[in-house]
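All remarks here apply to the structure that follows.
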Amino acid sequence: MDQREHYISSFAELETRLAKHRPPSLKRVCRAALDRFAELGFPTTRLEDWRFTNVTPIAQTSFVPAPNGGSGASTAPGALGRDALKEAARSQLVFVNGRYAPALSQASRLPGGLMIGSLAAALEQTPDLVESHLARYARYDDHAFVALNTAFVEDGAFVCIPDGVIVDDPIRLLFVSTANGEASISHPRNLILAGSHSRAVIAETYLGAENGVYFTNAVTEMVAGTNAVIEHLKVQREREEAFHVATLAVHQDSDSKVSLHSISLGGSLVRNDLSTRLGGEGADCVLNGLYMVGGQQHVDNHTMIDHVTPHSSSLENYRGVVDGRAHAVFSGRIDVQPGAQKIVARQSNKNLLLSDDAVVNTKPHLRIYADDVKCFHGATVGMLDEDALFYLRSRGMSAEMARDLLVYGFVGEVLGAIGARRLRDDMEQLVIERLPTGSELREVEAA
């Protein structure tokens, strides 16, 4: 049963509760988004963009709003768990069930003028700045989950980097979901504004502190000003029963350089939508993706790079490791608009199957409306190289160790593209821990 009426009823309660906090123009946007969600309904496999991803388990579940993040944060460390606290201690902003948790956050030693905090607070303190960008880049007219998130905008991260400001340390955003015995939903909404000639590294991490069914429906909008240099890492480490749908929409001005890394490891049903609009000459973007799934997991990555003006470039490299009966989907599209000459765009998706029951559907494609461009795309799906396995076995390695070493080498190119050394080391550690012989592999790497 489609739960649209359930969300309409929940929206009315939220609207009443936030009546004094939402500016009139935002109220209109939220109402329009809800109306659009009611028209669209949840996507079905009859839609081309959702052909391989069935969201019926989400559509038929009556999710209740996740409990207040502030109250959940007050019960730490017990509620968040050991893994979450380890990450939270290094993070500048922590959100529990989509809401800012100041008791777990740290934002000290920030460059002058840098604004980092809660989106809800920013809406009250600098409403004109927030409203001039919020819901301008992540379109809700044709995406039901973005419409749902926009309708239920309440809180999330707000990062505003002034012109010329360089942030040396990574800005960490940690989103923790806590199960409370019933299926719950949260809608984190993040807005990142990078001024001209600014530079920063931003890491978004999503994880669950407890087992149980929950749904994270996240949207992040980012603007990179002229000559801005931004590196963004999104890590999804949800619990095995969790649903996770996330949209990242980026707008780039001239000569900006943006690197976007997406790593998916957890969750039962996961969908990542990433789009970037290269709206100024000389803009450059890099998209790196890694998904490692097993068991009954399903992960779907959809990307879209829109070259609007001449002399822009893009490089996309997504790699997947699929085991058990897991199912992975990749759909990457590059658009080159009329008049956008001198474009260089390269796209690659490579997949490694570790079992006979694993499934991958991949679709890299180009839509080019200009004639002076250099665009390439390709995809592969295959098993481990038997000759390489034999070679490693002949050198005394166990079959499991040989397999893990080849897998680690396969994903190494994506991990190596993460520019921030501290984040790259964290991701390499996460991948090693996920492999059955991780502890042995760590010793080999150290040697």
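As shown in the structure tokens, the chain order sets the letters A, B, ...; within each chain, residues go from 1, and ligands are also counted from 1 in the order they appear.
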*Shell of 8 Å around region 401-418 of chain A, only C-alpha atoms, local chain residues under 6 positions omitted, as a PyMOL selection string*: chain A and resi 261+288-290+317-321+384+389+392-393+424+427-428+431-432+435-438+440-441
Keeping only C-alpha atoms, write those residues as a PDB file, in the first residue's frame.
```pdb
ATOM      1  CA  HIS A 261      33.840  10.875  -3.621  1.00  0.00           C
ATOM      2  CA  ASN A 288      34.905   8.856  -7.707  1.00  0.00           C
ATOM      3  CA  GLY A 289      32.666   6.095  -6.433  1.00  0.00           C
ATOM      4  CA  LEU A 290      33.100   2.836  -4.564  1.00  0.00           C
ATOM      5  CA  ASN A 317      35.535   6.576 -12.046  1.00  0.00           C
ATOM      6  CA  TYR A 318      33.146   4.243 -10.197  1.00  0.00           C
ATOM      7  CA  ARG A 319      34.115   0.770  -9.018  1.00  0.00           C
ATOM      8  CA  GLY A 320      32.004  -1.915  -7.393  1.00  0.00           C
ATOM      9  CA  VAL A 321      32.688  -5.143  -5.521  1.00  0.00           C
ATOM     10  CA  LEU A 384      38.743 -12.217 -10.266  1.00  0.00           C
ATOM     11  CA  LEU A 389      44.963 -15.901  -7.898  1.00  0.00           C
ATOM     12  CA  LEU A 392      49.508 -15.499  -5.209  1.00  0.00           C
ATOM     13  CA  ARG A 393      48.575 -19.017  -4.071  1.00  0.00           C
ATOM     14  CA  ARG A 424      42.045   8.621   2.633  1.00  0.00           C
ATOM     15  CA  MET A 427      38.664   4.981   4.059  1.00  0.00           C
ATOM     16  CA  GLU A 428      41.483   2.532   3.462  1.00  0.00           C
ATOM     17  CA  VAL A 431      37.795  -1.182   3.423  1.00  0.00           C
ATOM     18  CA  ILE A 432      40.460  -3.353   5.037  1.00  0.00           C
ATOM     19  CA  LEU A 435      37.587  -7.844   4.132  1.00  0.00           C
ATOM     20  CA  PRO A 436      37.623 -11.281   5.849  1.00  0.00           C
ATOM     21  CA  THR A 437      41.427 -11.305   6.167  1.00  0.00           C
ATOM     22  CA  GLY A 438      41.669  -7.604   6.998  1.00  0.00           C
ATOM     23  CA  GLU A 440      46.480 -10.070   7.862  1.00  0.00           C
ATOM     24  CA  LEU A 441      46.151  -7.663   4.942  1.00  0.00           C
TER      25      LEU A 441
END
```
*asked:* Can you tell me which residues surround Ala224 (chain A) at a distance of at most 9 Å, considering only C-alpha atoms, apart from same-chain residues fewer than 4 positions away, and format the answer as a PyMOL selection string?
replied: chain A and resi 192-196+198+228-230+250-254+256-258
*asked:* If we count only C-alpha atoms and set the cut-off at 8 Å, which residues sit around Thr150 (chain A), ignoring sequence neighbours fewer than 5 positions away in its own chain? Please answer as a list of chain:residue names.
replied: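 In the requested format, the answer is A:Val29, A:Cys30, A:Ala33, A:Leu34, A:Ala135, A:Tyr140, A:Arg189.
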*asked:* I'd like to know which residues of region 227-426 of chain A are alpha helix (DSSP H) (by DSSP, run on the backbone); could you write them as an NGL selection string?
replied: :A and (386-394 or 399-416 or 421-426)
*asked:* Taking only C-alpha atoms into account, name the residue in A:Ser132, A:Thr380, A:Ser355, A:Asn190 that is nearest to Val159 (chain A).
replied: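 Using only C-alpha atoms, Val159 (chain A) sits closest to A:Asn190.
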*By how many Å are CA of His307 (chain A) and CA of Ile343 (chain A) apart?*
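About the pair CA of His307 (chain A) and CA of Ile343 (chain A): they are 7.6 Å apart.
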Quick one: residues within 10 Å of Asp371 (chain A), only C-alpha atoms, excluding same-chain residues fewer than 4 positions away - as a compact mmCIF listing (two decimals) with C-alpha atoms, in the first residue's frame?
```txt
# COMPACT_ATOMS: atom_id res chain seq x y z
CA VAL A 336 27.12 18.33 -23.25
CA PRO A 338 24.66 23.07 -27.37
CA GLY A 339 27.52 25.54 -27.67
CA ALA A 340 29.58 23.84 -24.95
CA GLN A 341 32.64 23.26 -27.13
CA LYS A 342 36.12 22.11 -26.10
CA ILE A 343 34.75 19.71 -23.50
```
_Given only C-alpha atoms as the counted atoms, nearest of A:Glu231, A:Glu204, A:Asp255, A:Glu241 to Phe95 (chain A)_ =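 Smallest distance to Phe95 (chain A) is found for A:Glu204.
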*Enumerate as a PyMOL selection string all residues of region 294-361 of chain A assigned to strand (DSSP E or B) by DSSP on the backbone, naming them with the chain letters and numbers the document uses.*
chain A and resi 298-307+313-322+327-336+343-353+359-361
*Which residue out of A:Arg442, A:Arg271, A:Arg346, A:Arg333 has the minimum interatomic distance to Asp284 (chain A) when only C-alpha atoms are used?*
A:Arg346
I'd like the neighbourhood of region 51-60 of chain A as an mmCIF file with N, CA and C atoms, in the first residue's frame, where a residue qualifies if any of its atoms comes within 10 Å (using only C-alpha atoms), though same-chain residues fewer than 4 positions away should be ignored.
```
data_model
loop_
_atom_site.group_PDB
_atom_site.id
_atom_site.type_symbol
_atom_site.label_atom_id
_atom_site.label_comp_id
_atom_site.auth_asym_id
_atom_site.auth_seq_id
_atom_site.Cartn_x
_atom_site.Cartn_y
_atom_site.Cartn_z
ATOM 1 N N MET A 1 0.840 -1.205 0.000
ATOM 2 C CA MET A 1 0.000 0.000 0.000
ATOM 3 C C MET A 1 0.871 1.250 0.000
ATOM 4 N N ASP A 2 0.627 2.177 -0.909
ATOM 5 C CA ASP A 2 1.344 3.439 -0.982
ATOM 6 C C ASP A 2 0.980 4.292 0.237
ATOM 7 N N GLN A 3 1.994 4.859 0.888
ATOM 8 C CA GLN A 3 1.785 5.580 2.138
ATOM 9 C C GLN A 3 1.702 7.097 1.950
ATOM 10 N N ARG A 4 1.254 7.564 0.782
ATOM 11 C CA ARG A 4 1.224 9.003 0.556
ATOM 12 C C ARG A 4 0.369 9.743 1.593
ATOM 13 N N GLY A 41 4.061 10.248 -6.280
ATOM 14 C CA GLY A 41 4.106 8.976 -5.580
ATOM 15 C C GLY A 41 5.517 8.411 -5.620
ATOM 16 N N PHE A 42 5.703 7.282 -4.992
ATOM 17 C CA PHE A 42 7.024 6.671 -5.016
ATOM 18 C C PHE A 42 7.313 6.096 -6.399
ATOM 19 N N PRO A 43 8.564 6.164 -6.833
ATOM 20 C CA PRO A 43 8.910 5.644 -8.171
ATOM 21 C C PRO A 43 8.723 4.129 -8.238
ATOM 22 N N THR A 44 8.438 3.655 -9.434
ATOM 23 C CA THR A 44 8.280 2.221 -9.669
ATOM 24 C C THR A 44 9.292 1.777 -10.719
ATOM 25 N N THR A 45 9.409 0.493 -10.889
ATOM 26 C CA THR A 45 10.356 -0.050 -11.866
ATOM 27 C C THR A 45 9.898 0.193 -13.298
ATOM 28 N N ARG A 46 8.730 0.768 -13.485
ATOM 29 C CA ARG A 46 8.301 1.144 -14.846
ATOM 30 C C ARG A 46 9.017 2.402 -15.332
ATOM 31 N N LEU A 47 9.605 3.156 -14.401
ATOM 32 C CA LEU A 47 10.369 4.345 -14.761
ATOM 33 C C LEU A 47 11.793 3.935 -15.115
ATOM 34 N N TYR A 214 15.161 1.609 9.829
ATOM 35 C CA TYR A 214 15.018 3.056 9.767
ATOM 36 C C TYR A 214 15.331 3.503 8.339
ATOM 37 N N PHE A 215 14.940 4.708 8.013
ATOM 38 C CA PHE A 215 15.087 5.237 6.661
ATOM 39 C C PHE A 215 15.711 6.624 6.744
ATOM 40 N N PHE A 243 17.307 1.618 5.237
ATOM 41 C CA PHE A 243 17.105 2.161 3.895
ATOM 42 C C PHE A 243 17.808 3.517 3.835
ATOM 43 N N HIS A 244 18.441 3.777 2.700
ATOM 44 C CA HIS A 244 19.189 5.030 2.564
ATOM 45 C C HIS A 244 19.009 5.548 1.143
ATOM 46 N N LEU A 269 18.780 -1.356 1.334
ATOM 47 C CA LEU A 269 18.386 -0.773 0.046
ATOM 48 C C LEU A 269 18.929 0.640 0.003
ATOM 49 N N VAL A 270 19.827 0.903 -0.953
ATOM 50 C CA VAL A 270 20.548 2.181 -1.007
ATOM 51 C C VAL A 270 20.449 2.772 -2.401
ATOM 52 N N ARG A 271 20.180 4.059 -2.456
ATOM 53 C CA ARG A 271 20.172 4.783 -3.726
ATOM 54 C C ARG A 271 20.935 6.099 -3.526
ATOM 55 N N HIS A 298 21.291 -4.174 -1.761
ATOM 56 C CA HIS A 298 21.026 -3.570 -3.074
ATOM 57 C C HIS A 298 21.524 -2.126 -3.018
ATOM 58 N N VAL A 299 22.389 -1.748 -3.963
ATOM 59 C CA VAL A 299 22.900 -0.373 -4.027
ATOM 60 C C VAL A 299 22.779 0.128 -5.459
ATOM 61 N N ASP A 300 22.285 1.346 -5.612
ATOM 62 C CA ASP A 300 22.047 1.951 -6.926
ATOM 63 C C ASP A 300 22.706 3.326 -6.933
ATOM 64 N N HIS A 327 22.989 -6.990 -5.295
ATOM 65 C CA HIS A 327 22.663 -6.405 -6.601
ATOM 66 C C HIS A 327 23.164 -4.964 -6.616
ATOM 67 N N ALA A 328 23.970 -4.633 -7.593
ATOM 68 C CA ALA A 328 24.489 -3.274 -7.749
ATOM 69 C C ALA A 328 24.040 -2.699 -9.080
ATOM 70 N N VAL A 329 23.726 -1.413 -9.060
ATOM 71 C CA VAL A 329 23.283 -0.699 -10.258
ATOM 72 C C VAL A 329 24.128 0.563 -10.410
ATOM 73 N N PHE A 330 24.575 0.816 -11.625
ATOM 74 C CA PHE A 330 25.258 2.076 -11.926
ATOM 75 C C PHE A 330 24.660 2.648 -13.200
ATOM 76 N N VAL A 360 25.059 -7.271 -11.415
ATOM 77 C CA VAL A 360 25.387 -5.866 -11.681
ATOM 78 C C VAL A 360 24.673 -5.435 -12.957
ATOM 79 N N ASN A 361 24.029 -4.284 -12.905
ATOM 80 C CA ASN A 361 23.478 -3.633 -14.099
ATOM 81 C C ASN A 361 24.179 -2.287 -14.243
#
```
*Nearest to Asp49 (chain A): which of A:His302, A:Lys350, A:Arg199, A:Arg434 is it, counting only C-alpha atoms?*
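So, comparing all the options, the nearest one is A:His302.
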Met115 (chain A): which residues within 9 Å, counting only C-alpha atoms, same-chain residues fewer than 4 positions away excluded, as an mmCIF file with N, CA and C atoms, in the first residue's frame?
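Ended up saving to result-v5.cif:
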```
data_model
loop_
_atom_site.group_PDB
_atom_site.id
_atom_site.type_symbol
_atom_site.label_atom_id
_atom_site.label_comp_id
_atom_site.auth_asym_id
_atom_site.auth_seq_id
_atom_site.Cartn_x
_atom_site.Cartn_y
_atom_site.Cartn_z
ATOM 1 N N LEU A 110 38.099 27.989 14.017
ATOM 2 C CA LEU A 110 37.630 28.161 12.647
ATOM 3 C C LEU A 110 38.145 29.477 12.086
ATOM 4 N N PHE A 158 24.709 23.343 7.828
ATOM 5 C CA PHE A 158 24.890 24.562 7.036
ATOM 6 C C PHE A 158 26.353 24.955 7.114
ATOM 7 N N VAL A 159 26.996 25.018 5.950
ATOM 8 C CA VAL A 159 28.406 25.391 5.859
ATOM 9 C C VAL A 159 28.524 26.535 4.859
ATOM 10 N N CYS A 160 29.058 27.656 5.299
ATOM 11 C CA CYS A 160 29.252 28.803 4.408
ATOM 12 C C CYS A 160 30.696 29.269 4.535
ATOM 13 N N ILE A 161 31.444 29.123 3.433
ATOM 14 C CA ILE A 161 32.854 29.484 3.411
ATOM 15 C C ILE A 161 32.998 30.800 2.655
ATOM 16 N N PRO A 162 33.408 31.863 3.319
ATOM 17 C CA PRO A 162 33.482 33.175 2.649
ATOM 18 C C PRO A 162 34.518 33.186 1.528
#
```
*Looking at only C-alpha atoms, which of A:Ser313, A:Ser177, A:Asn97, A:Ser394 is the one that sits closest to Glu210 (chain A)?*
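Ranking A:Ser313, A:Ser177, A:Asn97, A:Ser394 by distance to Glu210 (chain A), first place goes to A:Ser177.
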*asked:* Can you pull out the residues contacting Thr309 (chain A)? Cut-off 7 Å, using only C-alpha atoms, and skip same-chain residues under 2 positions away; I want them as a ChimeraX atom specification.
replied: /A:279-281,307,311-312,340
*asked:* As an exercise, work out the distance from CA of Val64 (chain A) to CA of Ala242 (chain A) in Å and give it to one decimal place.
replied: 14.1 Å
